[in-house]
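Structure file entry21.cif; described as mmCIF, C-alpha atoms; chains and numbers go by the auth columns.
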data_start
#
loop_
_atom_site.group_PDB
_atom_site.id
_atom_site.type_symbol
_atom_site.label_atom_id
_atom_site.label_comp_id
_atom_site.label_asym_id
_atom_site.label_seq_id
_atom_site.Cartn_x
_atom_site.Cartn_y
_atom_site.Cartn_z
_atom_site.B_iso_or_equiv
_atom_site.auth_seq_id
_atom_site.auth_asym_id
ATOM 1 C CA MET A 1 72.006 40.250 13.751 0.00 12 A
ATOM 2 C CA ASP A 2 68.310 41.094 13.987 0.00 13 A
ATOM 3 C CA GLN A 3 65.847 40.075 11.295 0.00 14 A
ATOM 4 C CA GLU A 4 65.249 43.606 10.028 0.00 15 A
ATOM 5 C CA GLU A 5 65.775 45.628 6.909 0.00 16 A
ATOM 6 C CA PRO A 6 69.456 46.515 6.578 0.00 17 A
ATOM 7 C CA MET A 7 70.390 49.984 7.733 0.00 18 A
ATOM 8 C CA ILE A 8 71.573 52.476 5.144 0.00 19 A
ATOM 9 C CA ARG A 9 75.274 53.160 5.432 0.00 20 A
ATOM 10 C CA PRO A 10 76.177 56.759 6.249 0.00 21 A
ATOM 11 C CA GLN A 11 78.633 57.150 3.382 0.00 22 A
ATOM 12 C CA LEU A 12 75.693 56.790 0.988 0.00 23 A
ATOM 13 C CA PHE A 13 73.989 59.950 2.182 0.00 24 A
ATOM 14 C CA LEU A 14 76.258 62.001 4.456 0.00 25 A
ATOM 15 C CA ASN A 15 77.349 64.119 1.507 0.00 26 A
ATOM 16 C CA THR A 16 73.721 65.165 0.927 0.00 27 A
ATOM 17 C CA ILE A 17 73.073 66.613 4.395 0.00 28 A
ATOM 18 C CA PRO A 18 74.125 69.900 5.940 0.00 29 A
ATOM 19 C CA LEU A 19 77.275 69.674 7.972 0.00 30 A
ATOM 20 C CA PHE A 20 77.090 70.500 11.617 0.00 31 A
ATOM 21 C CA GLU A 21 80.573 71.999 11.875 0.00 32 A
ATOM 22 C CA ASN A 22 80.804 71.864 15.652 0.00 33 A
ATOM 23 C CA ALA A 23 79.157 68.467 16.068 0.00 34 A
ATOM 24 C CA LEU A 24 81.133 66.026 18.180 0.00 35 A
ATOM 25 C CA CYS A 25 80.309 63.161 15.826 0.00 36 A
ATOM 26 C CA ALA A 26 81.904 65.002 12.909 0.00 37 A
ATOM 27 C CA ASP A 27 85.324 64.383 14.442 0.00 38 A
ATOM 28 C CA LEU A 28 84.809 60.682 15.084 0.00 39 A
ATOM 29 C CA GLU A 29 86.816 58.218 13.038 0.00 40 A
ATOM 30 C CA ASP A 30 84.074 55.558 12.962 0.00 41 A
ATOM 31 C CA GLN A 31 81.413 56.965 10.620 0.00 42 A
ATOM 32 C CA ASP A 32 79.193 53.928 11.243 0.00 43 A
ATOM 33 C CA LEU A 33 79.008 54.416 15.015 0.00 44 A
ATOM 34 C CA PHE A 34 75.717 56.329 14.882 0.00 45 A
ATOM 35 C CA PHE A 35 74.200 53.839 12.423 0.00 46 A
ATOM 36 C CA PRO A 36 73.890 50.513 14.249 0.00 47 A
ATOM 37 C CA ASP A 37 72.701 47.420 12.382 0.00 48 A
ATOM 38 C CA GLY A 38 69.547 46.271 14.138 0.00 49 A
ATOM 39 C CA LYS A 39 67.999 46.789 17.545 0.00 50 A
ATOM 40 C CA THR A 40 70.517 44.660 19.443 0.00 51 A
ATOM 41 C CA GLU A 41 73.472 46.739 18.282 0.00 52 A
ATOM 42 C CA GLU A 42 71.456 49.929 18.798 0.00 53 A
ATOM 43 C CA THR A 43 70.720 48.948 22.416 0.00 54 A
ATOM 44 C CA LYS A 44 74.419 48.260 23.081 0.00 55 A
ATOM 45 C CA ARG A 45 75.589 51.579 21.590 0.00 56 A
ATOM 46 C CA LEU A 46 72.809 53.854 22.768 0.00 57 A
ATOM 47 C CA PRO A 47 74.287 54.867 26.176 0.00 58 A
ATOM 48 C CA GLN A 48 77.594 55.849 24.554 0.00 59 A
ATOM 49 C CA LEU A 49 75.879 57.683 21.693 0.00 60 A
ATOM 50 C CA ARG A 50 73.525 59.543 24.015 0.00 61 A
ATOM 51 C CA ALA A 51 76.482 60.669 26.125 0.00 62 A
ATOM 52 C CA ILE A 52 78.165 62.067 23.010 0.00 63 A
ATOM 53 C CA CYS A 53 74.972 63.777 21.821 0.00 64 A
ATOM 54 C CA GLN A 54 74.111 65.155 25.265 0.00 65 A
ATOM 55 C CA SER A 55 77.334 67.183 25.364 0.00 66 A
ATOM 56 C CA CYS A 56 77.149 68.275 21.719 0.00 67 A
ATOM 57 C CA VAL A 57 76.364 71.904 20.866 0.00 68 A
ATOM 58 C CA GLU A 58 74.650 70.807 17.640 0.00 69 A
ATOM 59 C CA ARG A 59 72.298 68.293 19.326 0.00 70 A
ATOM 60 C CA LYS A 60 69.120 70.324 18.951 0.00 71 A
ATOM 61 C CA GLU A 61 69.762 71.204 15.283 0.00 72 A
ATOM 62 C CA CYS A 62 70.735 67.610 14.511 0.00 73 A
ATOM 63 C CA LEU A 63 67.552 66.231 16.071 0.00 74 A
ATOM 64 C CA GLU A 64 65.366 68.845 14.360 0.00 75 A
ATOM 65 C CA TYR A 65 66.986 68.048 11.022 0.00 76 A
ATOM 66 C CA SER A 66 66.366 64.310 11.338 0.00 77 A
ATOM 67 C CA ILE A 67 62.723 64.859 12.269 0.00 78 A
ATOM 68 C CA ARG A 68 62.105 67.435 9.537 0.00 79 A
ATOM 69 C CA GLU A 69 63.696 65.175 6.899 0.00 80 A
ATOM 70 C CA GLU A 70 62.015 62.051 8.301 0.00 81 A
ATOM 71 C CA ILE A 71 65.286 60.124 8.379 0.00 82 A
ATOM 72 C CA PRO A 72 64.305 56.562 9.303 0.00 83 A
ATOM 73 C CA TYR A 73 67.752 55.318 10.391 0.00 84 A
ATOM 74 C CA GLY A 74 70.605 56.173 12.710 0.00 85 A
ATOM 75 C CA ILE A 75 70.898 58.012 16.001 0.00 86 A
ATOM 76 C CA TRP A 76 70.364 61.748 15.585 0.00 87 A
ATOM 77 C CA GLY A 77 70.481 64.175 18.507 0.00 88 A
ATOM 78 C CA GLY A 78 70.631 61.197 20.845 0.00 89 A
ATOM 79 C CA LYS A 79 67.312 59.760 19.630 0.00 90 A
ATOM 80 C CA THR A 80 66.519 56.521 17.828 0.00 91 A
ATOM 81 C CA PRO A 81 64.257 56.461 14.753 0.00 92 A
ATOM 82 C CA THR A 82 61.407 55.122 16.894 0.00 93 A
ATOM 83 C CA GLU A 83 61.869 57.892 19.467 0.00 94 A
ATOM 84 C CA ARG A 84 61.858 60.456 16.678 0.00 95 A
ATOM 85 C CA GLY A 85 58.626 58.979 15.347 0.00 96 A
ATOM 86 C CA VAL A 86 59.846 59.073 11.779 0.00 97 A
ATOM 87 C CA VAL A 87 59.934 55.442 10.833 0.00 98 A
ATOM 88 C CA LEU A 88 58.478 55.598 7.349 0.00 99 A
ATOM 89 C CA LYS A 89 57.130 52.534 5.695 0.00 100 A
ATOM 90 C CA ARG A 90 58.980 51.476 2.586 0.00 101 A
ATOM 91 C CA THR A 91 55.812 51.947 0.524 0.00 102 A
ATOM 92 C CA GLU A 92 55.491 55.567 1.664 0.00 103 A
ATOM 93 C CA ILE A 93 59.086 56.259 0.647 0.00 104 A
ATOM 94 C CA LEU A 94 58.569 54.609 -2.743 0.00 105 A
ATOM 95 C CA LYS A 95 55.335 56.542 -3.349 0.00 106 A
ATOM 96 C CA ARG A 96 57.113 59.827 -2.580 0.00 107 A
ATOM 97 C CA LYS A 97 59.978 58.912 -4.903 0.00 108 A
ATOM 98 C CA GLU A 98 57.553 57.965 -7.700 0.00 109 A
ATOM 99 C CA ARG A 99 55.710 61.256 -7.326 0.00 110 A
ATOM 100 C CA VAL A 100 58.942 63.279 -7.444 0.00 111 A
ATOM 101 C CA LEU A 101 60.138 61.447 -10.566 0.00 112 A
ATOM 102 C CA LYS A 102 56.772 61.807 -12.332 0.00 113 A
ATOM 103 C CA LEU A 103 56.798 65.543 -11.678 0.00 114 A
ATOM 104 C CA ARG A 104 60.371 65.787 -12.977 0.00 115 A
ATOM 105 C CA ASN A 105 59.413 63.880 -16.117 0.00 116 A
ATOM 106 C CA ARG A 106 56.576 66.364 -16.676 0.00 117 A
ATOM 107 C CA GLY A 107 59.108 69.194 -16.613 0.00 118 A
ATOM 108 C CA VAL A 108 58.176 70.617 -13.206 0.00 119 A
ATOM 109 C CA LEU A 109 60.974 72.696 -11.651 0.00 120 A
ATOM 110 C CA THR A 110 62.856 71.223 -8.697 0.00 121 A
ATOM 111 C CA GLU A 111 61.727 73.976 -6.317 0.00 122 A
ATOM 112 C CA ASP A 112 58.116 73.388 -7.330 0.00 123 A
ATOM 113 C CA ILE A 113 58.471 69.631 -6.877 0.00 124 A
ATOM 114 C CA ALA A 114 59.745 70.168 -3.337 0.00 125 A
ATOM 115 C CA GLN A 115 56.813 72.427 -2.548 0.00 126 A
ATOM 116 C CA ILE A 116 54.202 70.141 -4.131 0.00 127 A
ATOM 117 C CA VAL A 117 55.497 66.998 -2.421 0.00 128 A
ATOM 118 C CA GLY A 118 56.223 68.807 0.844 0.00 129 A
ATOM 119 C CA ILE A 119 59.932 68.025 1.146 0.00 130 A
ATOM 120 C CA LYS A 120 63.141 70.032 1.111 0.00 131 A
ATOM 121 C CA ILE A 121 64.878 70.790 -2.182 0.00 132 A
ATOM 122 C CA HIS A 122 67.958 68.773 -1.236 0.00 133 A
ATOM 123 C CA SER A 123 65.680 65.758 -0.660 0.00 134 A
ATOM 124 C CA VAL A 124 64.422 66.133 -4.229 0.00 135 A
ATOM 125 C CA TYR A 125 68.022 66.287 -5.446 0.00 136 A
ATOM 126 C CA ARG A 126 68.815 63.184 -3.380 0.00 137 A
ATOM 127 C CA ILE A 127 65.987 61.307 -5.128 0.00 138 A
ATOM 128 C CA PHE A 128 67.296 62.485 -8.507 0.00 139 A
ATOM 129 C CA SER A 129 70.842 61.345 -7.625 0.00 140 A
ATOM 130 C CA ASP A 130 69.662 57.966 -6.379 0.00 141 A
ATOM 131 C CA GLU A 131 67.646 57.447 -9.568 0.00 142 A
ATOM 132 C CA ASN A 132 70.575 58.468 -11.776 0.00 143 A
ATOM 133 C CA ARG A 133 72.893 56.041 -9.953 0.00 144 A
ATOM 134 C CA ALA A 134 70.316 53.253 -10.296 0.00 145 A
ATOM 135 C CA ARG A 135 69.994 53.899 -14.044 0.00 146 A
ATOM 136 C CA LYS A 136 73.759 53.966 -14.433 0.00 147 A
ATOM 137 C CA ARG A 137 74.094 50.615 -12.606 0.00 148 A
ATOM 138 C CA GLU A 138 71.298 49.188 -14.728 0.00 149 A
ATOM 139 C CA ASN A 139 72.965 50.341 -17.945 0.00 150 A
ATOM 140 C CA GLN A 140 76.312 48.904 -16.849 0.00 151 A
ATOM 141 C CA SER A 141 74.793 45.551 -15.967 0.00 152 A
ATOM 142 C CA ASN A 142 72.702 45.425 -19.147 0.00 153 A
ATOM 143 C CA PRO A 143 75.013 46.244 -22.074 0.00 154 A
ATOM 144 C CA LYS A 144 72.553 44.637 -24.525 0.00 155 A
ATOM 145 C CA THR A 145 70.473 47.808 -24.474 0.00 156 A
ATOM 146 C CA ASP A 146 73.331 49.865 -25.914 0.00 157 A
ATOM 147 C CA THR A 147 74.097 47.204 -28.553 0.00 158 A
ATOM 148 C CA GLN A 148 70.441 46.931 -29.530 0.00 159 A
ATOM 149 C CA SER A 149 70.200 50.717 -29.860 0.00 160 A
ATOM 150 C CA ALA A 150 73.308 50.791 -32.049 0.00 161 A
ATOM 151 C CA ASP A 151 71.947 47.966 -34.188 0.00 162 A
ATOM 152 C CA SER A 152 68.620 49.791 -34.558 0.00 163 A
ATOM 153 C CA SER A 153 70.377 52.981 -35.605 0.00 164 A
ATOM 154 C CA GLN A 154 72.415 51.126 -38.203 0.00 165 A
ATOM 155 C CA SER A 155 69.293 49.416 -39.527 0.00 166 A
ATOM 156 C CA LEU A 156 67.530 52.771 -39.866 0.00 167 A
ATOM 157 C CA GLU A 157 70.515 54.297 -41.654 0.00 168 A
ATOM 158 C CA SER A 158 70.765 51.412 -44.101 0.00 169 A
ATOM 159 C CA ALA A 159 67.017 51.553 -44.791 0.00 170 A
ATOM 160 C CA GLN A 160 67.326 55.174 -45.908 0.00 171 A
#
Now that the file is in, can you turn its structure into structure tokens?
Amino acid sequence: MDQEEPMIRPQLFLNTIPLFENALCADLEDQDLFFPDGKTEETKRLPQLRAICQSCVERKECLEYSIREEIPYGIWGGKTPTERGVVLKRTEILKRKERVLKLRNRGVLTEDIAQIVGIKIHSVYRIFSDENRARKRENQSNPKTDTQSADSSQSLESAQ
């Protein structure tokens, strides 16, 4: 396997994107096929994936979607992330996420956040969902926080 950042698995985000009902890939059993791990695997799969995409009626919409949403992984419309020119640096992604979350914390409406940051509304919702899942995992792995809160509440009640 190449020394690269691990690719994001499709099951983590496929439910957040529009479905291309007539897309040939939608009927494939292997959901990971279009998401190779590393350049070596990408190079091996690319001819097969391009053949599938070339005959797909949704190819143009799929490619446009991946470019518009700046998706930095997977083969979309027969093009690699590099060919799509959307390889975002991790710091750029984190800065965008931080900005979205700061605006949410200030009470800015989701539609306004999307407009201010320059992304689609469902991308804002995706950031919210990812953050909520991260907090949930953090809370599950750190049960002390809940115990400390309960202890603090009891201490306050007994002080009154």
Hey, what comes out of the PyMOL selection byres ((chain A and resi 39-53) around 6) on this file? Could you write it as a list in words?
Asp13, Met18, Cys36, Ala37, Asp38, Thr54, Lys55, Arg56, Leu57, Gly85 and Ile86 of chain A
Pick from A:Asn143, A:Glu81, A:Lys131, A:Gly88 nearest to Leu35 in chain A, counting all atoms listed in the file
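Closest to Leu35 in chain A, using all atoms listed in the file: A:Gly88.
Coordinates place CA of Ile127 in chain A at a distance of 29.0 Å from CA of Glu149 in chain A.
A straight line drawn from CA of Ile132 in chain A to CA of Ile104 in chain A is 15.9 Å long.
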Distance of CA of Leu120 in chain A from CA of Val135 in chain A, expressed in Å to one decimal place:
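Straight-line distance from CA of Val135 in chain A to CA of Leu120 in chain A works out to 10.5 Å.
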Using only C-alpha atoms, find all polymer residues with an atom at most 10 Å away from the point (71.0, 60.2, 19.6); report them as a list in words.
Phe45, Arg56, Leu57, Pro58, Gln59, Leu60, Arg61, Ala62, Ile63, Cys64, Gln65, Arg70, Cys73, Leu74, Gly85, Ile86, Trp87, Gly88, Gly89, Lys90, Thr91, Pro92, Glu94 and Arg95 of chain A
Leaving out Leu112 in chain A and any residue of its chain fewer than 4 positions from it, which residues lie within 12 Å of it when counting all atoms listed in the file, given as a list of chain:residue names?
A:Leu105, A:Lys106, A:Arg107, A:Lys108, A:Asn116, A:Arg117, A:Gly118, A:Val119, A:Leu120, A:Thr121, A:Ile124, A:Ala125, A:Val128, A:Val135, A:Tyr136, A:Arg137, A:Ile138, A:Phe139, A:Ser140, A:Asp141, A:Glu142, A:Asn143
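Using all atoms listed in the file for every distance, the candidate list A:Asn33, A:Ser66, A:Asn153, A:Ser77 yields A:Ser77 as the residue closest to Gly96 in chain A.
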Quick one: what's the axis-aligned box for range 127-133 of chain A, all listed atoms, 6 Å on every side, centre and edges in Å to one decimal, as lines of an AutoDock Vina configuration file?
center_x = 61.1
center_y = 68.9
center_z = -1.5
size_x = 25.8
size_y = 15.8
size_z = 17.3
Quick one: range 37-50 of chain A with N, CA and C atoms, as a PDB file, in the frame of the given file?
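Saved result, selection.pdb, follows:
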ATOM      1  N   ALA A  37      81.186  64.673  14.146  1.00  0.00           N
ATOM      2  CA  ALA A  37      81.904  65.002  12.909  1.00  0.00           C
ATOM      3  C   ALA A  37      83.388  64.676  13.019  1.00  0.00           C
ATOM      4  N   ASP A  38      83.900  64.656  14.238  1.00  0.00           N
ATOM      5  CA  ASP A  38      85.324  64.383  14.442  1.00  0.00           C
ATOM      6  C   ASP A  38      85.627  62.914  14.717  1.00  0.00           C
ATOM      7  N   LEU A  39      84.592  62.093  14.789  1.00  0.00           N
ATOM      8  CA  LEU A  39      84.809  60.682  15.084  1.00  0.00           C
ATOM      9  C   LEU A  39      85.344  59.947  13.864  1.00  0.00           C
ATOM     10  N   GLU A  40      86.233  59.001  14.119  1.00  0.00           N
ATOM     11  CA  GLU A  40      86.816  58.218  13.038  1.00  0.00           C
ATOM     12  C   GLU A  40      85.818  57.197  12.485  1.00  0.00           C
ATOM     13  N   ASP A  41      85.019  56.591  13.368  1.00  0.00           N
ATOM     14  CA  ASP A  41      84.074  55.558  12.962  1.00  0.00           C
ATOM     15  C   ASP A  41      82.765  56.194  12.501  1.00  0.00           C
ATOM     16  N   GLN A  42      82.607  56.341  11.192  1.00  0.00           N
ATOM     17  CA  GLN A  42      81.413  56.965  10.620  1.00  0.00           C
ATOM     18  C   GLN A  42      80.162  56.106  10.789  1.00  0.00           C
ATOM     19  N   ASP A  43      80.334  54.824  11.070  1.00  0.00           N
ATOM     20  CA  ASP A  43      79.193  53.928  11.243  1.00  0.00           C
ATOM     21  C   ASP A  43      78.667  53.889  12.679  1.00  0.00           C
ATOM     22  N   LEU A  44      79.368  54.508  13.602  1.00  0.00           N
ATOM     23  CA  LEU A  44      79.008  54.416  15.015  1.00  0.00           C
ATOM     24  C   LEU A  44      77.554  54.792  15.276  1.00  0.00           C
ATOM     25  N   PHE A  45      77.075  55.846  14.640  1.00  0.00           N
ATOM     26  CA  PHE A  45      75.717  56.329  14.882  1.00  0.00           C
ATOM     27  C   PHE A  45      74.669  55.624  14.016  1.00  0.00           C
ATOM     28  N   PHE A  46      75.099  54.581  13.311  1.00  0.00           N
ATOM     29  CA  PHE A  46      74.200  53.839  12.423  1.00  0.00           C
ATOM     30  C   PHE A  46      74.298  52.338  12.709  1.00  0.00           C
ATOM     31  N   PRO A  47      73.799  51.927  13.882  1.00  0.00           N
ATOM     32  CA  PRO A  47      73.890  50.513  14.249  1.00  0.00           C
ATOM     33  C   PRO A  47      73.013  49.639  13.363  1.00  0.00           C
ATOM     34  N   ASP A  48      73.476  48.404  13.147  1.00  0.00           N
ATOM     35  CA  ASP A  48      72.701  47.420  12.382  1.00  0.00           C
ATOM     36  C   ASP A  48      71.795  46.664  13.347  1.00  0.00           C
ATOM     37  N   GLY A  49      70.522  46.989  13.330  1.00  0.00           N
ATOM     38  CA  GLY A  49      69.547  46.271  14.138  1.00  0.00           C
ATOM     39  C   GLY A  49      69.406  46.792  15.559  1.00  0.00           C
ATOM     40  N   LYS A  50      68.352  46.329  16.194  1.00  0.00           N
ATOM     41  CA  LYS A  50      67.999  46.789  17.545  1.00  0.00           C
ATOM     42  C   LYS A  50      69.003  46.348  18.608  1.00  0.00           C
TER      43      LYS A  50
END
